[in-house]
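Below is model.txt, which holds compact mmCIF, C-alpha atoms and all ligand atoms.
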# COMPACT_ATOMS: atom_id res chain seq x y z
CA MET A 1 126.81 75.83 152.96
CA SER A 2 128.16 74.03 149.93
CA GLU A 3 131.92 74.16 149.83
CA ARG A 4 133.66 72.28 147.07
CA VAL A 5 136.67 72.25 144.81
CA ILE A 6 135.76 73.68 141.41
CA THR A 7 137.61 72.52 138.36
CA PRO A 8 137.14 74.23 135.02
CA ARG A 9 134.98 72.41 132.47
CA ASN A 10 134.56 74.12 129.15
CA ARG A 11 133.33 73.89 125.59
CA GLY A 12 135.47 76.26 123.59
CA PHE A 13 135.36 79.68 125.21
CA LEU A 14 132.32 78.76 127.37
CA PHE A 15 132.84 77.39 130.86
CA LEU A 16 130.14 75.53 132.78
CA ASP A 17 131.11 76.77 136.25
CA ALA A 18 132.64 79.86 137.75
CA HIS A 19 135.10 80.14 140.63
CA PRO A 20 133.81 82.48 143.38
CA ALA A 21 137.23 83.18 144.93
CA GLY A 22 138.79 83.93 141.53
CA CYS A 23 135.92 86.24 140.57
CA THR A 24 136.20 88.06 143.90
CA ARG A 25 139.92 88.52 143.57
CA LEU A 26 139.63 89.95 140.06
CA VAL A 27 137.11 92.54 141.21
CA ASN A 28 139.41 93.47 144.08
CA ASP A 29 142.31 93.90 141.63
CA MET A 30 140.15 96.11 139.39
CA TRP A 31 139.17 98.21 142.39
CA ARG A 32 142.80 98.76 143.37
CA SER A 33 143.74 99.72 139.84
CA ALA A 34 140.85 102.20 139.53
CA ALA A 35 141.45 103.74 142.94
CA ALA A 36 144.89 105.08 142.01
CA ARG A 37 143.27 108.49 142.43
CA PRO A 38 140.57 107.53 144.93
CA ALA A 39 137.45 109.60 145.27
CA GLU A 40 136.84 111.58 148.40
CA ASP A 41 133.63 110.82 150.26
CA LEU A 42 131.13 113.35 148.96
CA GLY A 43 128.26 112.28 151.22
CA GLU A 44 124.89 113.54 149.94
CA ASP A 45 126.67 115.28 147.05
CA ALA A 46 128.08 111.99 145.76
CA PRO A 47 126.90 111.43 142.19
CA VAL A 48 124.04 108.95 141.85
CA ALA A 49 124.65 106.53 139.00
CA LEU A 50 122.82 103.68 137.33
CA VAL A 51 124.98 101.10 135.56
CA ILE A 52 123.09 98.68 133.32
CA GLY A 53 125.14 95.55 132.61
CA SER A 54 127.18 95.98 135.80
CA SER A 55 128.29 92.37 136.35
CA SER A 56 130.68 91.84 133.48
CA GLY A 57 133.06 93.37 130.96
CA TYR A 58 132.75 97.11 130.41
CA GLY A 59 129.72 97.51 132.68
CA LEU A 60 131.56 95.92 135.59
CA ALA A 61 134.48 98.24 134.86
CA ALA A 62 132.00 101.15 134.93
CA ALA A 63 130.62 100.09 138.31
CA VAL A 64 134.01 99.45 139.91
CA ALA A 65 135.74 102.55 138.49
CA GLY A 66 132.68 104.63 139.38
CA LEU A 67 132.69 103.46 142.98
CA ALA A 68 136.44 103.44 143.55
CA ARG A 69 137.40 106.56 141.66
CA ALA A 70 134.39 108.76 140.96
CA GLY A 71 132.79 108.17 144.37
CA ILE A 72 129.41 107.24 142.92
CA ARG A 73 126.53 105.63 144.78
CA GLY A 74 123.52 104.16 143.08
CA ILE A 75 122.31 101.02 141.36
CA GLY A 76 123.74 98.24 139.17
CA VAL A 77 121.53 96.04 136.98
CA SER A 78 122.53 92.76 135.37
CA PHE A 79 121.12 89.38 134.42
CA GLU A 80 122.84 86.51 136.22
CA LYS A 81 122.08 82.98 137.37
CA ALA A 82 122.08 81.93 141.02
CA PRO A 83 124.05 78.92 142.24
CA THR A 84 122.09 75.67 142.33
CA ALA A 85 122.79 72.28 143.92
CA ARG A 86 124.47 71.14 140.67
CA ARG A 87 126.04 74.26 139.23
CA THR A 88 127.86 77.26 140.58
CA GLY A 89 126.34 80.68 140.03
CA THR A 90 127.45 82.57 136.93
CA ALA A 91 130.69 84.50 137.19
CA GLY A 92 128.73 87.76 137.12
CA TRP A 93 126.81 86.61 140.19
CA TYR A 94 130.04 86.33 142.19
CA ARG A 95 131.55 89.50 140.72
CA THR A 96 128.40 91.39 141.77
CA ALA A 97 128.66 90.04 145.32
CA ALA A 98 132.32 91.13 145.40
CA THR A 99 131.54 94.60 144.01
CA ALA A 100 128.78 95.07 146.59
CA GLU A 101 131.14 94.08 149.39
CA LEU A 102 133.79 96.59 148.28
CA ALA A 103 131.14 99.31 148.00
CA ARG A 104 129.97 98.48 151.52
CA GLU A 105 133.53 98.63 152.88
CA ALA A 106 134.04 102.01 151.20
CA GLY A 107 130.78 103.27 152.71
CA ARG A 108 129.06 103.79 149.35
CA GLU A 109 125.33 103.12 149.07
CA MET A 110 125.02 100.79 146.09
CA TYR A 111 122.19 98.40 145.23
CA PHE A 112 122.26 95.56 142.73
CA LEU A 113 119.20 94.25 140.89
CA ASN A 114 119.16 90.98 138.99
CA GLY A 115 116.74 90.66 136.08
CA ASP A 116 115.89 91.63 132.53
CA ALA A 117 116.90 95.23 131.86
CA PHE A 118 114.78 95.20 128.70
CA SER A 119 111.56 94.76 130.70
CA ASP A 120 109.33 97.55 131.94
CA ASP A 121 109.17 95.82 135.30
CA MET A 122 112.93 96.34 135.81
CA LYS A 123 112.62 99.98 134.77
CA ASP A 124 109.87 100.44 137.37
CA GLN A 125 111.89 98.72 140.09
CA VAL A 126 114.91 100.91 139.39
CA ALA A 127 112.84 104.09 139.24
CA ASP A 128 111.17 103.21 142.58
CA LEU A 129 114.56 102.58 144.16
CA ILE A 130 116.03 105.85 142.87
CA GLU A 131 112.98 107.72 144.12
CA LYS A 132 113.06 106.09 147.54
CA ARG A 133 116.80 106.13 148.24
CA PHE A 134 118.36 108.92 146.21
CA GLY A 135 115.69 111.25 144.84
CA ARG A 136 117.57 111.87 141.58
CA LEU A 137 119.87 110.31 139.01
CA ASP A 138 123.05 112.04 137.79
CA HIS A 139 124.53 109.43 135.43
CA LEU A 140 123.45 106.36 133.48
CA ILE A 141 125.95 103.99 131.86
CA TYR A 142 124.41 101.54 129.42
CA SER A 143 126.59 98.47 128.79
CA VAL A 144 124.29 95.60 127.93
CA ALA A 145 125.38 92.87 125.51
CA ALA A 146 122.63 90.32 124.95
CA PRO A 147 121.65 87.80 122.31
CA ARG A 148 117.92 88.53 122.60
CA ARG A 149 115.46 91.24 123.59
CA THR A 150 111.74 91.01 124.17
CA ASP A 151 110.00 94.28 123.37
CA PRO A 152 107.81 94.99 126.41
CA GLU A 153 105.24 96.84 124.30
CA THR A 154 104.58 94.11 121.73
CA GLY A 155 105.89 90.96 123.42
CA VAL A 156 107.93 90.24 120.27
CA THR A 157 111.35 88.68 120.93
CA TYR A 158 114.21 89.74 118.65
CA ALA A 159 117.44 87.78 118.22
CA SER A 160 120.74 89.34 117.21
CA ALA A 161 122.95 87.86 114.51
CA LEU A 162 126.69 88.24 113.93
CA LYS A 163 126.78 88.42 110.16
CA PRO A 164 128.15 90.58 107.36
CA ILE A 165 125.89 92.76 105.25
CA GLY A 166 125.81 92.60 101.47
CA GLY A 167 128.19 89.70 100.84
CA THR A 168 129.86 86.65 102.36
CA ALA A 169 132.67 87.50 104.80
CA ARG A 170 135.75 85.33 104.96
CA THR A 171 137.77 85.82 108.07
CA LYS A 172 140.55 84.05 109.88
CA THR A 173 139.57 82.83 113.33
CA LEU A 174 141.33 81.36 116.31
CA VAL A 175 139.94 78.38 118.20
CA PHE A 176 141.55 75.97 120.60
CA ASP A 177 141.18 72.21 120.18
CA GLU A 178 140.40 69.79 123.03
CA ASP A 179 144.07 69.70 124.08
CA GLY A 180 144.22 73.47 124.17
CA GLN A 181 146.23 73.70 120.95
CA PRO A 182 145.56 76.80 118.85
CA ASP A 183 143.93 76.34 115.48
CA VAL A 184 143.83 79.21 112.99
CA ARG A 185 141.16 78.65 110.36
CA GLU A 186 139.33 80.57 107.74
CA VAL A 187 135.57 80.70 108.15
CA ALA A 188 132.99 82.04 105.76
CA THR A 189 129.86 83.73 107.10
CA GLU A 190 126.89 84.22 104.80
CA PRO A 191 125.38 87.70 104.70
CA ALA A 192 122.39 88.64 106.82
CA ASP A 193 119.00 89.26 105.28
CA GLU A 194 116.99 92.41 106.01
CA ASP A 195 115.09 90.77 108.86
CA GLU A 196 118.31 89.68 110.62
CA ILE A 197 119.72 93.19 110.32
CA ALA A 198 116.52 94.68 111.76
CA GLN A 199 116.43 92.16 114.62
CA THR A 200 120.08 92.82 115.55
CA VAL A 201 119.39 96.55 115.61
CA ALA A 202 116.31 95.87 117.78
CA VAL A 203 118.49 94.02 120.33
CA MET A 204 121.79 95.91 120.32
CA GLY A 205 120.79 99.33 118.94
CA GLY A 206 119.65 102.29 121.00
CA THR A 207 115.97 101.46 121.50
CA ASP A 208 116.21 100.12 125.04
CA TRP A 209 118.68 102.80 126.15
CA GLU A 210 116.27 105.45 124.90
CA ARG A 211 113.40 103.71 126.73
CA TRP A 212 115.39 103.81 129.98
CA VAL A 213 116.07 107.53 129.66
CA SER A 214 112.45 108.27 128.71
CA HIS A 215 111.16 106.15 131.59
CA LEU A 216 113.31 107.91 134.17
CA ALA A 217 112.60 111.33 132.66
CA GLY A 218 108.87 110.50 132.81
CA ARG A 219 109.25 109.82 136.53
CA ARG A 220 111.09 113.18 136.89
CA LEU A 221 114.19 111.51 138.27
CA LEU A 222 116.85 113.03 136.02
CA ALA A 223 118.99 115.57 137.85
CA ASP A 224 120.00 118.87 136.29
CA GLY A 225 123.09 118.19 134.20
CA PHE A 226 122.26 114.46 133.98
CA SER A 227 124.60 112.58 131.62
CA THR A 228 124.37 109.18 130.00
CA ALA A 229 126.83 107.08 128.00
CA ALA A 230 126.27 103.86 126.06
CA LEU A 231 129.18 101.65 125.13
CA SER A 232 130.13 101.22 121.50
CA TYR A 233 132.90 99.72 119.38
CA ILE A 234 134.42 100.58 116.02
CA GLY A 235 137.44 98.32 115.78
CA SER A 236 139.90 97.47 113.08
CA PRO A 237 139.52 97.24 109.29
CA LEU A 238 140.57 93.60 109.81
CA THR A 239 137.29 92.82 111.55
CA ALA A 240 135.13 95.39 109.76
CA ASP A 241 133.29 92.96 107.43
CA ILE A 242 131.91 91.01 110.33
CA TYR A 243 131.77 93.80 112.92
CA ARG A 244 131.45 97.46 112.00
CA GLN A 245 130.09 96.88 108.47
CA GLY A 246 128.02 93.91 109.66
CA THR A 247 124.78 93.48 111.59
CA ILE A 248 126.29 94.46 114.93
CA GLY A 249 127.83 97.53 113.30
CA ALA A 250 124.36 98.51 112.05
CA ALA A 251 123.18 98.25 115.66
CA LYS A 252 126.10 100.40 116.83
CA ALA A 253 125.32 103.00 114.17
CA HIS A 254 121.74 103.05 115.52
CA LEU A 255 123.06 103.41 119.07
CA GLU A 256 125.24 106.34 118.01
CA GLN A 257 122.32 107.98 116.19
CA THR A 258 120.20 107.47 119.33
CA ALA A 259 122.91 109.27 121.33
CA ARG A 260 122.68 112.30 119.06
CA THR A 261 118.86 112.42 119.35
CA LEU A 262 118.97 111.91 123.12
CA ASP A 263 121.69 114.52 123.49
CA ALA A 264 119.50 117.18 121.87
CA ARG A 265 116.54 116.17 124.07
CA LEU A 266 118.53 116.14 127.30
CA ARG A 267 120.24 119.46 126.64
CA GLU A 268 116.78 120.98 126.41
CA LEU A 269 115.21 119.01 129.27
CA CYS A 270 117.82 119.34 132.01
CA GLY A 271 121.04 120.72 130.56
CA GLY A 272 122.05 117.08 130.18
CA ARG A 273 124.22 115.10 127.77
CA ALA A 274 124.07 111.76 125.95
CA VAL A 275 127.15 110.27 124.30
CA THR A 276 128.44 106.95 123.17
CA SER A 277 131.73 105.79 124.60
CA VAL A 278 133.78 103.97 121.99
CA ASN A 279 136.02 101.53 123.79
CA GLY A 280 138.89 99.31 122.79
CA ALA A 281 138.93 95.57 122.20
CA ALA A 282 138.70 93.48 125.37
CA VAL A 283 138.25 89.79 126.05
CA THR A 284 134.70 89.41 127.35
CA GLN A 285 132.03 86.73 127.19
CA SER A 286 130.32 88.66 124.40
CA SER A 287 133.40 89.53 122.35
CA THR A 288 134.74 85.96 122.21
CA ALA A 289 131.51 84.94 120.41
CA ILE A 290 132.31 87.18 117.42
CA PRO A 291 134.15 85.43 114.55
CA GLY A 292 137.72 86.73 114.16
CA ILE A 293 137.74 88.77 117.36
CA ALA A 294 139.67 86.17 119.37
CA LEU A 295 142.43 86.12 116.77
CA TYR A 296 142.43 89.89 116.46
CA THR A 297 142.61 90.46 120.22
CA GLY A 298 145.38 87.88 120.67
CA LEU A 299 147.42 89.58 117.92
CA LEU A 300 146.70 93.02 119.33
CA ARG A 301 148.10 91.89 122.67
CA GLY A 302 151.09 90.42 120.82
CA VAL A 303 151.79 93.87 119.39
CA LEU A 304 150.92 96.05 122.40
CA ALA A 305 151.64 93.83 125.43
CA ASP A 306 150.98 96.01 128.52
CA GLY A 307 150.21 98.93 126.22
CA MET A 308 146.64 97.61 125.97
CA VAL A 309 144.42 99.81 128.11
CA SER A 310 142.25 97.77 130.46
CA PRO A 311 138.47 98.31 130.60
CA VAL A 312 138.70 99.65 134.15
CA ASP A 313 141.33 102.23 133.15
CA GLN A 314 139.22 103.28 130.15
CA LEU A 315 136.15 103.61 132.34
CA ALA A 316 138.06 105.62 134.96
CA GLU A 317 138.75 108.10 132.15
CA LEU A 318 135.07 108.08 131.14
CA TRP A 319 134.02 108.86 134.72
CA ASP A 320 136.53 111.71 134.88
CA GLN A 321 134.86 113.18 131.79
CA LEU A 322 131.27 112.56 132.92
CA THR A 323 131.79 114.01 136.38
CA GLY A 324 133.71 117.04 135.17
CA ARG A 325 137.09 116.09 136.60
CA SER A 326 138.28 116.54 133.03
CA PRO A 327 136.41 118.03 130.06
CA LEU A 328 133.97 115.85 128.09
CA VAL A 329 135.65 115.43 124.72
CA THR A 330 133.75 113.96 121.77
CA ASP A 331 134.65 113.39 118.14
CA ASP A 332 132.62 115.10 115.43
CA GLU A 333 130.02 112.33 115.65
CA GLY A 334 129.42 112.91 119.36
CA ARG A 335 131.42 109.92 120.59
CA VAL A 336 133.89 109.81 123.47
CA ARG A 337 136.90 108.00 122.04
CA LEU A 338 138.62 105.71 124.54
CA ASP A 339 139.87 103.42 121.77
CA THR A 340 142.57 105.62 120.24
CA TRP A 341 145.38 103.43 121.66
CA GLU A 342 144.02 100.52 119.56
CA LEU A 343 143.43 102.34 116.29
CA THR A 344 146.67 104.23 115.62
CA GLY A 345 148.17 103.57 112.19
CA ASP A 346 151.29 101.95 113.66
CA VAL A 347 149.34 99.51 115.81
CA GLN A 348 146.92 98.59 113.02
CA ASP A 349 149.75 98.11 110.51
CA ALA A 350 151.58 95.81 112.91
CA VAL A 351 148.43 93.79 113.73
CA GLY A 352 147.59 93.63 110.00
CA ASP A 353 151.04 92.20 109.15
CA ARG A 354 150.66 89.56 111.82
CA TRP A 355 147.08 88.78 110.78
CA ARG A 356 148.16 88.09 107.20
CA SER A 357 150.94 85.72 108.23
CA ALA A 358 148.98 84.01 111.02
CA GLY A 359 148.69 80.23 110.62
CA ASN A 360 149.07 77.22 112.89
CA GLU A 361 152.88 77.27 112.62
CA THR A 362 153.31 80.98 113.26
CA ILE A 363 150.50 81.90 115.65
CA ALA A 364 152.43 81.21 118.86
CA ASP A 365 155.03 83.81 117.84
CA LEU A 366 152.57 86.38 116.58
CA ALA A 367 149.81 86.38 119.20
CA ASP A 368 150.01 86.38 122.97
CA LEU A 369 148.21 83.05 123.31
CA ASP A 370 148.92 82.54 127.00
CA TRP A 371 147.45 85.93 127.78
CA PHE A 372 144.41 85.23 125.64
CA ARG A 373 143.78 81.78 127.14
CA ASP A 374 144.19 83.15 130.66
CA SER A 375 141.91 86.09 129.87
CA VAL A 376 139.15 83.71 128.77
CA ARG A 377 139.61 81.57 131.90
CA ARG A 378 139.56 84.68 134.09
CA LEU A 379 136.10 85.54 132.76
CA TYR A 380 135.03 82.59 134.92
CA GLY A 381 137.41 83.20 137.81
CA PHE A 382 140.08 80.68 136.77
CA SER A 383 143.80 81.36 136.23
CA VAL A 384 143.76 84.18 138.74
CA PRO A 385 147.16 84.52 140.45
CA GLY A 386 147.00 84.05 144.20
CA VAL A 387 143.90 81.82 144.25
CA ASP A 388 144.27 78.30 145.63
CA TYR A 389 142.26 76.21 143.19
CA ALA A 390 142.85 73.01 145.17
CA ALA A 391 140.98 74.42 148.16
CA PRO A 392 137.22 73.96 148.59
CA VAL A 393 135.31 77.19 148.14
CA GLU A 394 131.81 78.28 149.15
CA THR A 395 129.63 78.46 146.03
CA ASP A 396 126.38 79.35 147.74
CA VAL A 397 126.97 83.09 147.81
CA ALA A 398 123.96 85.36 148.37
CA TRP A 399 123.00 88.14 145.96
CA PRO A 400 123.61 91.49 147.71
CA ALA A 401 120.62 92.50 149.80
CA LEU A 402 118.62 95.59 148.91
N1 LIG B 501 134.28 93.53 124.62
C1 LIG B 501 134.72 94.44 123.78
O1 LIG B 501 135.75 94.26 123.10
C2 LIG B 501 134.00 95.75 123.65
C3 LIG B 501 134.68 96.85 123.11
C4 LIG B 501 134.02 98.08 123.03
C5 LIG B 501 132.68 98.18 123.41
N2 LIG B 501 132.05 97.08 123.91
C6 LIG B 501 130.63 97.25 124.28
O2 LIG B 501 130.46 97.14 125.68
C7 LIG B 501 129.11 96.71 125.94
C8 LIG B 501 129.14 95.53 126.90
O3 LIG B 501 129.82 94.45 126.27
P1 LIG B 501 130.81 93.48 127.08
O4 LIG B 501 131.76 92.95 126.07
O5 LIG B 501 131.32 94.18 128.29
O6 LIG B 501 129.77 92.32 127.45
P2 LIG B 501 129.68 91.27 128.66
O7 LIG B 501 129.10 90.05 128.07
O8 LIG B 501 130.98 91.16 129.37
O9 LIG B 501 128.63 91.96 129.65
C9 LIG B 501 127.28 92.08 129.33
C10 LIG B 501 126.51 92.58 130.53
O10 LIG B 501 125.14 92.72 130.14
C11 LIG B 501 124.32 92.10 131.11
N3 LIG B 501 123.08 91.67 130.47
C12 LIG B 501 122.92 90.88 129.38
N4 LIG B 501 121.61 90.74 129.11
C13 LIG B 501 120.93 91.45 130.03
C14 LIG B 501 119.56 91.71 130.28
N5 LIG B 501 118.61 91.21 129.49
N6 LIG B 501 119.24 92.47 131.36
C15 LIG B 501 120.19 92.97 132.18
N7 LIG B 501 121.50 92.81 131.97
C16 LIG B 501 121.87 92.05 130.91
C17 LIG B 501 125.15 90.93 131.64
O11 LIG B 501 124.64 90.47 132.89
C18 LIG B 501 126.51 91.62 131.73
O12 LIG B 501 126.58 92.36 132.93
C19 LIG B 501 128.49 96.37 124.59
O13 LIG B 501 127.74 97.48 124.14
C20 LIG B 501 129.71 96.19 123.71
O14 LIG B 501 129.46 96.41 122.35
C21 LIG B 501 132.67 95.88 124.07
Write the structure described by the file as C-alpha cells, please.
Ligand SMILES: NC(=O)c1ccc[n+]([C@@H]2O[C@H](COP(=O)([O-])OP(=O)(O)OC[C@H]3O[C@@H](n4cnc5c(N)ncnc54)[C@H](O)[C@@H]3O)[C@@H](O)[C@H]2O)c1
Amino acid sequence: MSERVITPRNRGFLFLDAHPAGCTRLVNDMWRSAAARPAEDLGEDAPVALVIGSSSGYGLAAAVAGLARAGIRGIGVSFEKAPTARRTGTAGWYRTAATAELAREAGREMYFLNGDAFSDDMKDQVADLIEKRFGRLDHLIYSVAAPRRTDPETGVTYASALKPIGGTARTKTLVFDEDGQPDVREVATEPADEDEIAQTVAVMGGTDWERWVSHLAGRRLLADGFSTAALSYIGSPLTADIYRQGTIGAAKAHLEQTARTLDARLRELCGGRAVTSVNGAAVTQSSTAIPGIALYTGLLRGVLADGMVSPVDQLAELWDQLTGRSPLVTDDEGRVRLDTWELTGDVQDAVGDRWRSAGNETIADLADLDWFRDSVRRLYGFSVPGVDYAAPVETDVAWPAL
C-alpha cells in the first residue's frame, strides 16, 4: 500500500505524475457516454477485438466504446510504466486498470498486455492469447502513436520527426509560461531531410499495422469478415505545413496506402476489410507535442464549444460501422471520415480568422484556454470534476491480471 496526496508537477504539457482516481473517473465518464445505446450481451457471438494503443487517446476511446457499446471482448495492448516507490504509474496504467474493471463488471472477457507492440514477441503473445481464449479475431483497431520503432527483423531503431517537407514552416504556437499565462509565439521549423522523412514513415506509417495483420493471418486467426481500422488525421490547412504536408503526413499517406493494399488482400483472404479512420483533432499526449496543434485545438474549441465531437463518440460511430450496425462508409480514398465536423468550410473559416488575429492580448477571447488547460491536465487525471485532490490515494495499482 502506498497512499499519498498527489499534486501536479509539470514541464509544459508534460506532467511527472498521474492521479489514479482522476484517471479512473475519466474512464468511467467515457464508458457512460459510450453506453448511451448499450450493447446486449452476445455471449460466444460477441465480436472479438484487438485494440493496439488501448490506454490513451483514440485507442482508449476504441476500447471503451467497443466494450460499452459494441459488446466486444478481446485484448488491449499498450506501453505503460508501472508505479515505483518514487513515481506514480503513467496515466495509461491507471486508465487500463479502470477499463479492465469496467469490462469485468459488464461481464466482458478482456485482457490487457503491456509491452512493445512493434516487437514480434508481443505479436506472438497476442496470437497465443487469441488462440487460447477466443479462437478467432473479428476486429483490429490500430491506434499507436510513438516516437520510435525498432524493426524486429533488422534491429534498426527509427525515430519520427515533426517537420515540414521542402521548406521551412513558420507557425503560430501556444505555450503556457511558469505562471500558467498563455504565450502565442511564432516558431520556425526547418524542413526534414530524406532520412528523417523515411524514419518517420517507418515509425508512424503502415508497416507495423501490416505486420500485425500478416502475423495473425499467418496463424489463421482472422475470422471470416474480419475488419481492421488504423487511425489517421488530415486536419486543417492552418496546420498543413507541419502536419499533413510534413513528415507525419507522409507517414499518414503511407498508412492510408497500406489500408488500400490490405483491403484488397483481406477481401480475397476472408471477405475482410481494411480502412483508415480519419478522426478529428483531440487533446492527447501525442497531439500536444506537435507545433501549432495546441493553438489550433484551443481555437477550434473556441469556435465549436460543445460541438466538438469527443473521441469516444467518434469511436462509437466507428464501431457501429465495423460491426454492421450501420453501413461502412468510406470516401473515395477508402477512409472512414469521422472528422467532417472539424473540416466544414464554416468552421475552418472561423478558426482561420481567429488564428490570424491570435496574439497574447487577444488569445483569451479567441480560444477556450480553460478548456485546453483542463484537457491537458485531465490527460494525467487532474482537473477532473468530483475528485478530491486533497485526499490521499492509492498509487500502487496492479496491472489487470491475465
Ligand atoms: N490526437 C489527435 O488529434 C488525433 C486525431 C486523429 C487521429 N489521431 C491518431 O490516433 C492515433 C493515436 O494517437 P493519440 O493522439 O490517441 O495518441 P496517445 O498518445 O493518446 O496514445 C498512444 C497510444 O499508443 C500506445 N503506444 C505507444 N507506443 C507503443 C508501443 N511501442 N507499443 C504499444 N503501445 C504503444 C500508448 O501506450 C497509447 O496507448 C494516431 O495514429 C494518431 O495519428 C490522433
- Atom pair CA of Asp396 in chain A + atom O11 of ligand LIG 501 (chain B), distance 18.6 Å
Closest-contact table, chain A side, partner ligand LIG 501 (chain B), 9 Å, counting all atoms listed in the file, as a Markdown table:
| residue | atom | partner | partner_atom | distance |
| --- | --- | --- | --- | --- |
| A:Ile52 | CA | B:LIG501 | N7 | 6.2 |
| A:Gly53 | CA | B:LIG501 | O12 | 3.5 |
| A:Ser54 | CA | B:LIG501 | O12 | 4.7 |
| A:Ser55 | CA | B:LIG501 | O12 | 3.8 |
| A:Ser56 | CA | B:LIG501 | O12 | 4.2 |
| A:Gly57 | CA | B:LIG501 | O5 | 3.3 |
| A:Tyr58 | CA | B:LIG501 | O5 | 3.9 |
| A:Gly59 | CA | B:LIG501 | O5 | 5.7 |
| A:Leu60 | CA | B:LIG501 | O12 | 6.7 |
| A:Ala61 | CA | B:LIG501 | O5 | 8.3 |
| A:Val77 | CA | B:LIG501 | C15 | 5.9 |
| A:Ser78 | CA | B:LIG501 | N7 | 3.6 |
| A:Phe79 | CA | B:LIG501 | O11 | 4.0 |
| A:Glu80 | CA | B:LIG501 | O11 | 5.5 |
| A:Gly92 | CA | B:LIG501 | O11 | 6.5 |
| A:Trp93 | CA | B:LIG501 | O11 | 8.5 |
| A:Leu113 | CA | B:LIG501 | C15 | 8.9 |
| A:Asn114 | CA | B:LIG501 | C15 | 7.2 |
| A:Gly115 | CA | B:LIG501 | N6 | 5.6 |
| A:Asp116 | CA | B:LIG501 | N6 | 3.6 |
| A:Ala117 | CA | B:LIG501 | N6 | 3.7 |
| A:Phe118 | CA | B:LIG501 | N5 | 5.6 |
| A:Ser119 | CA | B:LIG501 | N5 | 8.0 |
| A:Met122 | CA | B:LIG501 | N6 | 8.6 |
| A:Tyr142 | CA | B:LIG501 | O13 | 7.4 |
| A:Ser143 | CA | B:LIG501 | C7 | 4.2 |
| A:Val144 | CA | B:LIG501 | O10 | 3.7 |
| A:Ala145 | CA | B:LIG501 | C9 | 4.3 |
| A:Ala146 | CA | B:LIG501 | N4 | 4.3 |
| A:Pro147 | CA | B:LIG501 | N4 | 7.4 |
| A:Arg148 | CA | B:LIG501 | N5 | 7.4 |
| A:Arg149 | CA | B:LIG501 | N5 | 6.7 |
| A:Thr150 | CA | B:LIG501 | N5 | 8.7 |
| A:Met204 | CA | B:LIG501 | O13 | 7.2 |
| A:Gly205 | CA | B:LIG501 | O13 | 8.9 |
| A:Ala230 | CA | B:LIG501 | O13 | 6.8 |
| A:Leu231 | CA | B:LIG501 | O13 | 4.5 |
| A:Ser232 | CA | B:LIG501 | C5 | 4.4 |
| A:Tyr233 | CA | B:LIG501 | C4 | 4.2 |
| A:Ile234 | CA | B:LIG501 | C4 | 7.5 |
| A:Gly235 | CA | B:LIG501 | C3 | 8.0 |
| A:Ile248 | CA | B:LIG501 | O14 | 8.3 |
| A:Lys252 | CA | B:LIG501 | O14 | 7.6 |
| A:Ser277 | CA | B:LIG501 | C5 | 7.8 |
| A:Val278 | CA | B:LIG501 | C4 | 6.0 |
| A:Asn279 | CA | B:LIG501 | C4 | 4.1 |
| A:Gly280 | CA | B:LIG501 | C3 | 4.9 |
| A:Ala281 | CA | B:LIG501 | O1 | 3.6 |
| A:Ala282 | CA | B:LIG501 | O1 | 3.8 |
| A:Val283 | CA | B:LIG501 | N1 | 5.6 |
| A:Thr284 | CA | B:LIG501 | O8 | 4.6 |
| A:Gln285 | CA | B:LIG501 | O7 | 4.5 |
| A:Ser286 | CA | B:LIG501 | O7 | 4.1 |
| A:Ser287 | CA | B:LIG501 | N1 | 4.7 |
| A:Thr288 | CA | B:LIG501 | N1 | 8.0 |
| A:Ile293 | CA | B:LIG501 | O1 | 8.2 |
| A:Thr297 | CA | B:LIG501 | O1 | 8.4 |
| A:Pro311 | CA | B:LIG501 | C3 | 8.5 |
| A:Asp339 | CA | B:LIG501 | C4 | 8.0 |
| A:Leu379 | CA | B:LIG501 | O8 | 8.3 |
- Task: Tell me, as a PyMOL selection string, which residues lie within 8 Å of range 316-326 of chain A, counting all atoms listed in the file; anything in the same chain fewer than 6 positions away does not count.
- Result: chain A and resi 34+62+65-66+69-70+139+227+277+336+338
- Using all atoms listed in the file, which residues sit within 12 Å of Leu222 in chain A once same-chain residues fewer than 2 positions away are excluded, as a PyMOL selection string? chain A and resi 47-50+127+130-131+134-140+212-220+224-228+266-267+269-273
- Task: Tell me which of A:Asp120, A:Asn28, A:Thr362, A:Arg37 sits closest to Ala100 in chain A, counting all atoms listed in the file.
- Result: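 Among A:Asp120, A:Asn28, A:Thr362, A:Arg37, it is A:Asn28 that comes nearest to Ala100 in chain A.
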- Would you mind telling me which residue in A:Pro20, A:Val184, A:Gln199, A:Arg11 lies nearest to Arg378 in chain A when using all atoms listed in the file? A:Pro20
Up to 12 Å from (129.4, 95.9, 105.5) in the file's coordinates: name the residues, counting all atoms listed in the file, as a short mmCIF file (atom, residue, chain, number, x, y, z; two decimals) with C-alpha atoms, in the frame of the given file.
data_model
loop_
_atom_site.label_atom_id
_atom_site.label_comp_id
_atom_site.auth_asym_id
_atom_site.auth_seq_id
_atom_site.Cartn_x
_atom_site.Cartn_y
_atom_site.Cartn_z
CA LEU A 162 126.69 88.24 113.93
CA LYS A 163 126.78 88.42 110.16
CA PRO A 164 128.15 90.58 107.36
CA ILE A 165 125.89 92.76 105.25
CA GLY A 166 125.81 92.60 101.47
CA GLY A 167 128.19 89.70 100.84
CA THR A 168 129.86 86.65 102.36
CA ALA A 169 132.67 87.50 104.80
CA GLU A 190 126.89 84.22 104.80
CA PRO A 191 125.38 87.70 104.70
CA ALA A 192 122.39 88.64 106.82
CA ILE A 197 119.72 93.19 110.32
CA PRO A 237 139.52 97.24 109.29
CA THR A 239 137.29 92.82 111.55
CA ALA A 240 135.13 95.39 109.76
CA ASP A 241 133.29 92.96 107.43
CA ILE A 242 131.91 91.01 110.33
CA TYR A 243 131.77 93.80 112.92
CA ARG A 244 131.45 97.46 112.00
CA GLN A 245 130.09 96.88 108.47
CA GLY A 246 128.02 93.91 109.66
CA THR A 247 124.78 93.48 111.59
CA ILE A 248 126.29 94.46 114.93
CA GLY A 249 127.83 97.53 113.30
CA ALA A 250 124.36 98.51 112.05
CA ALA A 253 125.32 103.00 114.17
#
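Minimum atom-to-atom distances from A:Pro385, A:Pro400, A:Gly12, A:Gly359 to Phe176 in chain A were compared using all atoms listed in the file, and the lowest value belongs to A:Gly12.
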- Task: Would you mind reading off the distance between CA of Arg73 in chain A and CA of Thr96 in chain A, one decimal, in Å?
- Result: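 It comes out at 14.7 Å.
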